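Q: This is the structure, below, for whatever I ask next.
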Amino acid sequence: RRAGIGKMAKAQVALAECYEAGRGVVQSDDEAARWYGYAATEVHPDAEAQYVVGGFYLRGVRGKPKDVKEAFHFFRLAAAQGHTGAHYTIGFCLLTGKYGVAQDIDTGRGYLLRAADAGHAGARDLLDSVARILEADAAGR
């Protein structure tokens, strides 16, 4: 806990995970969210924490209001640090228009390609599905 208070993002994430799982502390979703929030907004923030906090905003959980704009702010910060899950989530939302996101197929594909290149199986599967749909559409013309 001292490391978390000392503003070290990795330690803050570890502490958040402990609270989330009740490992060595009393389980508390509120405390987990608080520590993830600290880690996501440090001078040298943690990409995983940014991704997790983005998910809180996307779903409106853990004391965060449902706010897609704020969710994407955190997802983009995590993606800028190379977080594969953030690339996938942004790509999925842009490709499908889910969560009220304006559909942008080309940009979505770009994010999904980065996730797939990093080994994200879901991104590869989604890109394969899109390719099959486009091929079938082209064959039907």
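Chain lettering (A, B, ...) mirrors the order of the structure tokens, residue numbering begins at 1 for each chain separately, and ligand numbering begins at 1 in order of display.
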Excluding stretch 54-59 of chain A and residues on its chain fewer than 3 positions from it, collect all residues at most 7 Å away from it, counting only C-alpha atoms, and give them as a ChimeraX atom specification.
A: /A:50-51,62,64-68,70-72,74-75
Q: Give me the residues within 10 Å of A:Ala79 as a VMD selection string, counting only C-alpha atoms and dropping any in the same chain fewer than 6 places off.
A: chain A and resid 47 to 48 50 to 51 72 to 73 85 to 90 111 114 to 115
Q: Just to confirm, what's the straight-line distance from atom CA of A:Ala118 to atom CA of A:Lys10 in Å (one decimal)?
A: 21.7 Å
Q: Determine the nearest neighbour of A:Gly108 from the options A:Gly22, A:Ala123, A:Tyr38, A:Val52, counting only C-alpha atoms.
A: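 Of the candidates, the smallest distance to A:Gly108 is held by A:Ala123.
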Q: For stretch 27-36 of chain A, find every residue with an atom within 8 Å (counting only C-alpha atoms), except residues of its own chain fewer than 6 positions away, and show them as a PyMOL selection string.
A: chain A and resi 4+12-13+15-21+49-50+52-53+62-63
Q: Deliver the residues from the most recent selection as a file, using C-alpha atoms, as a CSV table (one decimal), in the first residue's frame.
A:
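Output (selection09.csv):
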```
chain,number,residue,atom,x,y,z
A,4,GLY,CA,0.6,2.7,-4.2
A,12,GLN,CA,-1.3,1.0,-7.8
A,13,VAL,CA,-2.5,-1.6,-10.4
A,15,LEU,CA,-3.1,-2.9,-5.2
A,16,ALA,CA,-6.3,-2.5,-7.4
A,17,GLU,CA,-6.1,-6.1,-8.4
A,18,CYS,CA,-5.8,-7.2,-4.8
A,19,TYR,CA,-8.9,-5.2,-3.8
A,20,GLU,CA,-10.7,-6.6,-6.9
A,21,ALA,CA,-10.0,-10.2,-5.9
A,49,ALA,CA,-5.2,0.8,-15.7
A,50,GLN,CA,-6.2,3.2,-18.4
A,52,VAL,CA,-9.7,-0.8,-17.1
A,53,VAL,CA,-10.9,2.7,-16.3
A,62,ARG,CA,-17.6,1.1,-10.4
A,63,GLY,CA,-18.8,4.5,-9.6
```
Q: Which of chain A counts as helix (DSSP H, G or I) under DSSP, as an MDAnalysis selection string please?
A: chainID A and resid 2:5 9:21 29:40 47:59 68:80 84:96 98:100 105:117 121:139
Q: Give me the residues near A:Arg124 as a ChimeraX atom specification, where near means some atom within 10 Å (using only C-alpha atoms) and where sequence neighbours in that chain fewer than 3 positions away do not count.
A: /A:88,112-121,127-130
Q: Please determine, counting only C-alpha atoms, which residue among A:Gly60, A:Arg23, A:Asp104, A:Ala78 has the shortest atom-to-atom distance to A:His44.
A: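 Of all the options, A:Ala78 lies closest to A:His44.
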Q: Have a look at A:Val101, A:Leu134, A:Phe92, A:Ala139 and name the one nearest to A:Gly122; count only C-alpha atoms.
A: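 Counting only C-alpha atoms, the residue closest to A:Gly122 is A:Phe92.
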